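Next comes upload.json, a file with JSON, C-alpha atoms.
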[["chain", "number", "residue", "atom", "x", "y", "z"],
["A", 1, "GLU", "CA", 110.28, 79.74, 102.41],
["A", 2, "ARG", "CA", 108.26, 77.96, 105.08],
["A", 3, "LEU", "CA", 105.46, 80.50, 104.79],
["A", 4, "ALA", "CA", 105.48, 80.21, 100.99],
["A", 5, "GLU", "CA", 105.03, 76.45, 101.30],
["A", 6, "GLN", "CA", 102.17, 76.92, 103.76],
["A", 7, "VAL", "CA", 100.49, 79.39, 101.41],
["A", 8, "GLU", "CA", 100.53, 76.79, 98.63],
["A", 9, "ASN", "CA", 98.59, 74.39, 100.88],
["A", 10, "ALA", "CA", 96.18, 76.91, 102.42],
["A", 11, "GLU", "CA", 92.57, 75.87, 102.10],
["A", 12, "LYS", "CA", 90.86, 78.92, 103.61],
["A", 13, "MET", "CA", 91.07, 82.65, 103.05],
["A", 14, "SER", "CA", 91.53, 83.12, 106.79],
["A", 15, "SER", "CA", 94.69, 80.99, 106.61],
["A", 16, "LEU", "CA", 96.05, 83.14, 103.78],
["A", 17, "LEU", "CA", 95.33, 86.29, 105.75],
["A", 18, "GLY", "CA", 97.18, 84.84, 108.73],
["A", 19, "PHE", "CA", 100.21, 83.93, 106.61],
["A", 20, "GLU", "CA", 100.21, 87.39, 105.09],
["A", 21, "GLY", "CA", 100.16, 88.94, 108.54],
["A", 22, "VAL", "CA", 103.14, 86.86, 109.66],
["A", 23, "ALA", "CA", 105.06, 87.63, 106.45],
["A", 24, "ALA", "CA", 104.33, 91.38, 106.81],
["A", 25, "GLU", "CA", 105.56, 91.32, 110.40],
["A", 26, "ILE", "CA", 108.82, 89.64, 109.32],
["A", 27, "TYR", "CA", 109.23, 91.99, 106.35],
["A", 28, "PHE", "CA", 108.58, 95.20, 108.24],
["A", 29, "GLY", "CA", 110.69, 93.91, 111.12],
["A", 30, "GLN", "CA", 113.64, 94.13, 108.72],
["A", 31, "PHE", "CA", 112.53, 97.20, 106.73],
["A", 32, "GLY", "CA", 114.58, 99.55, 108.90],
["A", 33, "SER", "CA", 117.74, 97.84, 107.64],
["A", 34, "LEU", "CA", 116.92, 99.16, 104.14],
["A", 35, "LEU", "CA", 117.37, 102.70, 105.41],
["A", 36, "ASN", "CA", 121.17, 102.34, 105.33],
["A", 37, "GLY", "CA", 121.59, 103.46, 108.91],
["A", 38, "SER", "CA", 120.03, 106.86, 108.25],
["A", 39, "LEU", "CA", 120.78, 109.18, 111.13],
["A", 40, "ASN", "CA", 117.61, 111.16, 110.47],
["A", 41, "PHE", "CA", 114.99, 108.42, 110.75],
["A", 42, "SER", "CA", 114.42, 105.18, 112.51],
["A", 43, "PHE", "CA", 111.84, 102.54, 111.77],
["A", 44, "GLN", "CA", 110.77, 100.05, 114.41],
["A", 45, "ASN", "CA", 107.56, 98.61, 113.01],
["A", 46, "ARG", "CA", 104.66, 99.34, 110.68],
["A", 47, "ASN", "CA", 101.97, 101.57, 112.18],
["A", 48, "LYS", "CA", 99.18, 103.63, 110.67],
["A", 49, "ARG", "CA", 96.01, 105.61, 111.38],
["A", 50, "PRO", "CA", 97.72, 107.80, 112.34],
["A", 51, "PRO", "CA", 101.31, 107.07, 111.36],
["A", 52, "LYS", "CA", 103.58, 107.67, 114.37],
["A", 53, "ASP", "CA", 106.83, 108.42, 112.53],
["A", 54, "PRO", "CA", 108.01, 109.88, 109.21],
["A", 55, "VAL", "CA", 108.76, 106.54, 107.53],
["A", 56, "ASN", "CA", 105.29, 105.17, 108.30],
["A", 57, "SER", "CA", 103.80, 108.48, 107.22],
["A", 58, "VAL", "CA", 105.36, 108.26, 103.76],
["A", 59, "LEU", "CA", 104.59, 104.53, 103.43],
["A", 60, "SER", "CA", 100.92, 105.11, 104.23],
["A", 61, "TYR", "CA", 100.65, 108.11, 101.95],
["A", 62, "LEU", "CA", 102.32, 106.37, 99.03],
["A", 63, "TYR", "CA", 100.24, 103.21, 99.45],
["A", 64, "GLY", "CA", 97.15, 105.41, 99.28],
["A", 65, "ILE", "CA", 98.32, 107.25, 96.18],
["A", 66, "LEU", "CA", 99.30, 103.99, 94.49],
["A", 67, "ALA", "CA", 95.87, 102.52, 95.34],
["A", 68, "LYS", "CA", 94.26, 105.50, 93.60],
["A", 69, "GLU", "CA", 96.43, 104.95, 90.51],
["A", 70, "LEU", "CA", 95.42, 101.29, 90.41],
["A", 71, "PHE", "CA", 91.76, 102.17, 91.03],
["A", 72, "VAL", "CA", 91.76, 104.26, 87.85],
["A", 73, "THR", "CA", 93.61, 101.53, 85.94],
["A", 74, "VAL", "CA", 91.21, 98.71, 86.85],
["A", 75, "LEU", "CA", 88.24, 100.97, 86.15],
["A", 76, "ALA", "CA", 89.66, 101.71, 82.68],
["A", 77, "ALA", "CA", 90.08, 97.96, 82.10],
["A", 78, "GLY", "CA", 86.36, 97.48, 82.72],
["A", 79, "PHE", "CA", 86.42, 96.15, 86.27],
["A", 80, "ASP", "CA", 84.49, 97.17, 89.32],
["A", 81, "PRO", "CA", 87.40, 98.24, 91.56],
["A", 82, "TYR", "CA", 85.38, 97.44, 94.68],
["A", 83, "LEU", "CA", 85.16, 93.70, 93.92],
["A", 84, "GLY", "CA", 88.44, 91.99, 94.68],
["A", 85, "PHE", "CA", 89.78, 88.49, 95.03],
["A", 86, "TYR", "CA", 92.05, 88.59, 98.04],
["A", 87, "HIS", "CA", 90.85, 91.79, 99.68],
["A", 88, "GLN", "CA", 87.23, 91.30, 100.58],
["A", 89, "PRO", "CA", 84.62, 93.85, 99.54],
["A", 90, "ARG", "CA", 83.71, 96.39, 102.18],
["A", 91, "TYR", "CA", 81.86, 99.65, 101.68],
["A", 92, "GLY", "CA", 84.18, 102.26, 100.15],
["A", 93, "ARG", "CA", 87.15, 99.87, 99.96],
["A", 94, "PRO", "CA", 88.58, 99.42, 96.44],
["A", 95, "ALA", "CA", 89.34, 95.71, 96.97],
["A", 96, "LEU", "CA", 90.58, 94.95, 93.44],
["A", 97, "ALA", "CA", 92.89, 97.97, 93.40],
["A", 98, "LEU", "CA", 94.26, 96.78, 96.75],
["A", 99, "ASP", "CA", 94.74, 93.28, 95.33],
["A", 100, "LEU", "CA", 96.89, 94.68, 92.52],
["A", 101, "LEU", "CA", 98.69, 97.00, 94.92],
["A", 102, "GLU", "CA", 100.24, 94.02, 96.72],
["A", 103, "GLU", "CA", 102.42, 93.27, 93.70],
["A", 104, "PHE", "CA", 103.75, 96.81, 93.53],
["A", 105, "ARG", "CA", 104.32, 97.69, 97.20],
["A", 106, "ALA", "CA", 107.97, 96.70, 97.39],
["A", 107, "PRO", "CA", 109.24, 97.70, 93.93],
["A", 108, "ILE", "CA", 107.53, 101.09, 93.92],
["A", 109, "VAL", "CA", 106.64, 102.34, 97.38],
["A", 110, "ASP", "CA", 109.05, 100.58, 99.72],
["A", 111, "SER", "CA", 112.06, 101.06, 97.45],
["A", 112, "LEU", "CA", 111.23, 104.75, 96.94],
["A", 113, "VAL", "CA", 110.82, 105.39, 100.67],
["A", 114, "ALA", "CA", 114.10, 103.59, 101.43],
["A", 115, "SER", "CA", 115.87, 105.61, 98.74],
["A", 116, "LEU", "CA", 114.48, 109.00, 99.83],
["A", 117, "VAL", "CA", 115.40, 108.34, 103.45],
["A", 118, "SER", "CA", 118.79, 106.74, 102.77],
["A", 119, "HIS", "CA", 119.86, 109.56, 100.47],
["A", 120, "GLN", "CA", 118.52, 112.15, 102.90],
["A", 121, "GLN", "CA", 116.21, 113.63, 100.29],
["A", 122, "LEU", "CA", 113.57, 113.74, 103.01],
["A", 123, "THR", "CA", 114.57, 115.11, 106.40],
["A", 124, "PRO", "CA", 112.69, 115.50, 109.68],
["A", 125, "ALA", "CA", 112.01, 119.11, 108.66],
["A", 126, "ASP", "CA", 109.76, 117.75, 105.87],
["A", 127, "PHE", "CA", 107.25, 116.44, 108.42],
["A", 128, "GLU", "CA", 104.78, 117.86, 110.91],
["A", 129, "THR", "CA", 103.18, 116.29, 113.96],
["A", 130, "ASP", "CA", 99.48, 116.76, 114.51],
["A", 131, "PRO", "CA", 99.09, 117.80, 118.15],
["A", 132, "GLN", "CA", 95.55, 116.36, 118.32],
["A", 133, "ASN", "CA", 96.24, 112.77, 117.30],
["A", 134, "GLY", "CA", 100.05, 112.56, 117.48],
["A", 135, "GLY", "CA", 100.23, 111.52, 113.83],
["A", 136, "VAL", "CA", 103.19, 112.48, 111.68],
["A", 137, "TYR", "CA", 102.48, 113.87, 108.22],
["A", 138, "LEU", "CA", 104.37, 115.33, 105.27],
["A", 139, "SER", "CA", 104.64, 119.11, 105.29],
["A", 140, "VAL", "CA", 103.98, 121.02, 102.07],
["A", 141, "PRO", "CA", 107.72, 121.16, 101.18],
["A", 142, "GLY", "CA", 108.00, 117.45, 102.01],
["A", 143, "TRP", "CA", 105.02, 116.67, 99.83],
["A", 144, "ARG", "CA", 106.65, 118.49, 96.89],
["A", 145, "ILE", "CA", 109.79, 116.38, 97.24],
["A", 146, "PHE", "CA", 107.77, 113.20, 97.48],
["A", 147, "ALA", "CA", 105.48, 114.09, 94.54],
["A", 148, "ARG", "CA", 108.41, 114.73, 92.20],
["A", 149, "HIS", "CA", 110.12, 111.45, 93.07],
["A", 150, "PHE", "CA", 106.91, 109.41, 93.02],
["A", 151, "THR", "CA", 106.05, 110.69, 89.55],
["A", 152, "GLN", "CA", 109.57, 109.86, 88.36],
["A", 153, "LYS", "CA", 109.23, 106.36, 89.83],
["A", 154, "LEU", "CA", 105.94, 105.70, 88.01],
["A", 155, "GLU", "CA", 107.45, 106.93, 84.75],
["A", 156, "SER", "CA", 110.68, 104.95, 85.18],
["A", 157, "GLN", "CA", 111.03, 101.91, 83.00],
["A", 158, "VAL", "CA", 111.95, 98.38, 84.03],
["A", 159, "TRP", "CA", 112.86, 95.39, 81.92],
["A", 160, "ILE", "CA", 110.00, 92.92, 81.55],
["A", 161, "LYS", "CA", 111.43, 89.58, 80.47],
["A", 162, "LYS", "CA", 108.06, 88.20, 79.33],
["A", 163, "TYR", "CA", 107.70, 91.02, 76.78],
["A", 164, "ASP", "CA", 111.42, 91.39, 76.07],
["A", 165, "ARG", "CA", 111.18, 95.16, 76.49],
["A", 166, "ARG", "CA", 111.18, 98.00, 78.98],
["A", 167, "LEU", "CA", 107.89, 99.33, 80.32],
["A", 168, "SER", "CA", 107.04, 102.13, 82.72],
["A", 169, "TYR", "CA", 105.32, 101.15, 85.94],
["A", 170, "GLN", "CA", 102.21, 102.98, 84.75],
["A", 171, "LYS", "CA", 102.17, 100.81, 81.61],
["A", 172, "ILE", "CA", 102.75, 97.69, 83.72],
["A", 173, "PHE", "CA", 99.64, 98.56, 85.76],
["A", 174, "GLU", "CA", 97.61, 98.62, 82.56],
["A", 175, "VAL", "CA", 99.15, 95.39, 81.27],
["A", 176, "GLN", "CA", 98.41, 93.59, 84.54],
["A", 177, "ALA", "CA", 94.79, 94.78, 84.56],
["A", 178, "ARG", "CA", 94.31, 93.71, 80.95],
["A", 179, "GLN", "CA", 95.89, 90.32, 81.63],
["A", 180, "LEU", "CA", 93.51, 89.84, 84.52],
["A", 181, "ALA", "CA", 90.58, 90.72, 82.26],
["A", 182, "HIS", "CA", 91.81, 88.22, 79.69],
["A", 183, "LEU", "CA", 92.15, 85.48, 82.32],
["A", 184, "ILE", "CA", 88.59, 85.81, 83.58],
["A", 185, "GLU", "CA", 86.85, 86.30, 80.20]]

Re-express the file's structure as structure tokens.
Amino acid sequence: ERLAEQVENAEKMSSLLGFEGVAAEIYFGQFGSLLNGSLNFSFQNRNKRPPKDPVNSVLSYLYGILAKELFVTVLAAGFDPYLGFYHQPRYGRPALALDLLEEFRAPIVDSLVASLVSHQQLTPADFETDPQNGGVYLSVPGWRIFARHFTQKLESQVWIKKYDRRLSYQKIFEVQARQLAHLIE
């Protein structure tokens, strides 16, 4: 709540980035508790490039796949996906897709990872360690499990109060991109 109040009064982008970093540290500091005490995996903190454990491996991979989905969506809505609002443009970085990704991290990626781990649908056998960089990555069988569940998640429908109907996440992506286009016309 304190961070949310500070965000409302932030005057600089650098302040917002700092608040986001603190919030992410708090959030990921508690993320392991979402794993329902899984005996197969532990999660201490968020790490990437390369991910050092299976949970970070799946988080990173799913964030990347979701960014690609949103890249295509904002492109279809007529935007340049490389020009964002919050994420600053950098060569090869789809800033606008990453801006939209923030809204969908927890309900799509984080919840799916917590579910797959908690229900032991992914096991340590579904991962491989790269001996060169020490990174942990999905194996081919692990990828198949993930791909099936990720597709199901994107196709699943959630109730959207504003529209008084159920929409799939893929449709919500499109709606959000079109609303953004309408706002800046």

Checklist outcome for this item: Nearest to Gln179 in chain A, restricted to only C-alpha atoms and choosing among A:Ile108, A:Leu154, A:Leu100, A:Leu34, comes out as A:Leu100

Checklist entry - Hey, can you check how far CA of Pro54 in chain A sits from CA of Tyr137 in chain A? => result 6.9 Å

Checklist entry - With all atoms listed in the file as the atoms that count, which of A:Ala97, A:Leu167, A:Leu138, A:Val113 lies nearest to Phe43 in chain A? => result A:Val113

Show me, as a tab-separated table, the residues of range 79-157 of chain A having an atom within 8 Å of range 66-72 of chain A, each with the closest atom pair and its distance in Å, using all atoms listed in the file.
residue	atom	partner	partner_atom	distance
A:Pro81	CA	A:Phe71	CA	5.9
A:Pro94	CA	A:Phe71	CA	6.9
A:Leu96	CA	A:Phe71	CA	7.7
A:Ala97	CA	A:Phe71	CA	5.0
A:Leu98	CA	A:Ala67	CA	6.1
A:Leu100	CA	A:Leu70	CA	7.1
A:Leu101	CA	A:Ala67	CA	6.2

Residues just named, written with C-alpha atoms as a short mmCIF file (atom, residue, chain, number, x, y, z; two decimals), in the frame of the given file:
data_model
loop_
_atom_site.label_atom_id
_atom_site.label_comp_id
_atom_site.auth_asym_id
_atom_site.auth_seq_id
_atom_site.Cartn_x
_atom_site.Cartn_y
_atom_site.Cartn_z
CA PRO A 81 87.40 98.24 91.56
CA PRO A 94 88.58 99.42 96.44
CA LEU A 96 90.58 94.95 93.44
CA ALA A 97 92.89 97.97 93.40
CA LEU A 98 94.26 96.78 96.75
CA LEU A 100 96.89 94.68 92.52
CA LEU A 101 98.69 97.00 94.92
#

Next on the checklist: For a cutoff of 8 Å around the file-coordinate point (102.2, 84.1, 103.3), which residues qualify once you count all atoms listed in the file? I'd like the result as a PyMOL selection string.
Outcome noted: chain A and resi 3-4+6-7+16-23

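Relative to CA of Leu35 in chain A, CA of Ala125 in chain A is found at 17.6 Å.
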
Next on the checklist: List the spatial neighbours of Lys153 in chain A as a list in words - criterion: any atom at most 12 Å away, all atoms listed in the file, same-chain residues fewer than 5 positions off excluded.
Outcome noted: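 Residues meeting the cut-off are Leu62, Leu66, Phe104, Pro107, Ile108, Val109, Asp110, Ser111, Leu112, Val113, Ser115, Leu116, Phe146, Ala147, Arg148, Val158, Leu167, Ser168, Tyr169 and Gln170 of chain A.
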
Please write the residues from the selection above to a file, keeping C-alpha atoms, as a PDB file, keeping the file's coordinate frame.
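What follows is the written file out37.pdb:
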ATOM      1  CA  LEU A  62     102.320 106.370  99.030  1.00  0.00           C
ATOM      2  CA  LEU A  66      99.300 103.990  94.490  1.00  0.00           C
ATOM      3  CA  PHE A 104     103.750  96.810  93.530  1.00  0.00           C
ATOM      4  CA  PRO A 107     109.240  97.700  93.930  1.00  0.00           C
ATOM      5  CA  ILE A 108     107.530 101.090  93.920  1.00  0.00           C
ATOM      6  CA  VAL A 109     106.640 102.340  97.380  1.00  0.00           C
ATOM      7  CA  ASP A 110     109.050 100.580  99.720  1.00  0.00           C
ATOM      8  CA  SER A 111     112.060 101.060  97.450  1.00  0.00           C
ATOM      9  CA  LEU A 112     111.230 104.750  96.940  1.00  0.00           C
ATOM     10  CA  VAL A 113     110.820 105.390 100.670  1.00  0.00           C
ATOM     11  CA  SER A 115     115.870 105.610  98.740  1.00  0.00           C
ATOM     12  CA  LEU A 116     114.480 109.000  99.830  1.00  0.00           C
ATOM     13  CA  PHE A 146     107.770 113.200  97.480  1.00  0.00           C
ATOM     14  CA  ALA A 147     105.480 114.090  94.540  1.00  0.00           C
ATOM     15  CA  ARG A 148     108.410 114.730  92.200  1.00  0.00           C
ATOM     16  CA  VAL A 158     111.950  98.380  84.030  1.00  0.00           C
ATOM     17  CA  LEU A 167     107.890  99.330  80.320  1.00  0.00           C
ATOM     18  CA  SER A 168     107.040 102.130  82.720  1.00  0.00           C
ATOM     19  CA  TYR A 169     105.320 101.150  85.940  1.00  0.00           C
ATOM     20  CA  GLN A 170     102.210 102.980  84.750  1.00  0.00           C
TER      21      GLN A 170
END

Item to check | Between CA of Gly64 in chain A and CA of Phe41 in chain A - distance in Å to one decimal | outcome: 21.4 Å

Item to check | Pick from A:Gln152, A:Ser57, A:Thr73, A:Ser42, whichever lies nearest to Ala177 in chain A using all atoms listed in the file | outcome: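 Ranking A:Gln152, A:Ser57, A:Thr73, A:Ser42 by distance to Ala177 in chain A, first place goes to A:Thr73.
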
Item to check | Shell of 9 Å around Glu25 in chain A, all atoms listed in the file, local chain residues under 5 positions omitted, as a VMD selection string | outcome: chain A and resid 20 30 45 to 46

Next on the checklist: Counting all atoms listed in the file, which residue out of A:Ala114, A:Val74, A:Asp99, A:Pro141 sits closest to Ala181 in chain A?
Outcome noted: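 The closest residue to Ala181 in chain A is A:Val74.
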
Item to check | For Gly32 in chain A, the nearest of the candidates A:Ser118, A:Arg2, A:Phe79, A:Thr129, counting all atoms listed in the file | outcome: A:Ser118

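Remark: for Ala77 in chain A, the closest of the candidate residues A:Arg93, A:Arg49, A:Arg144, A:His182 is A:His182 (distances computed over all atoms listed in the file).
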
Draw an axis-aligned box over all listed atoms of range 3-15 of chain A, pad each side with 6 Å, and write its centre and edge lengths in Å, one decimal, as lines of an AutoDock Vina configuration file.
center_x = 98.2
center_y = 78.8
center_z = 102.7
size_x = 26.6
size_y = 20.7
size_z = 20.2
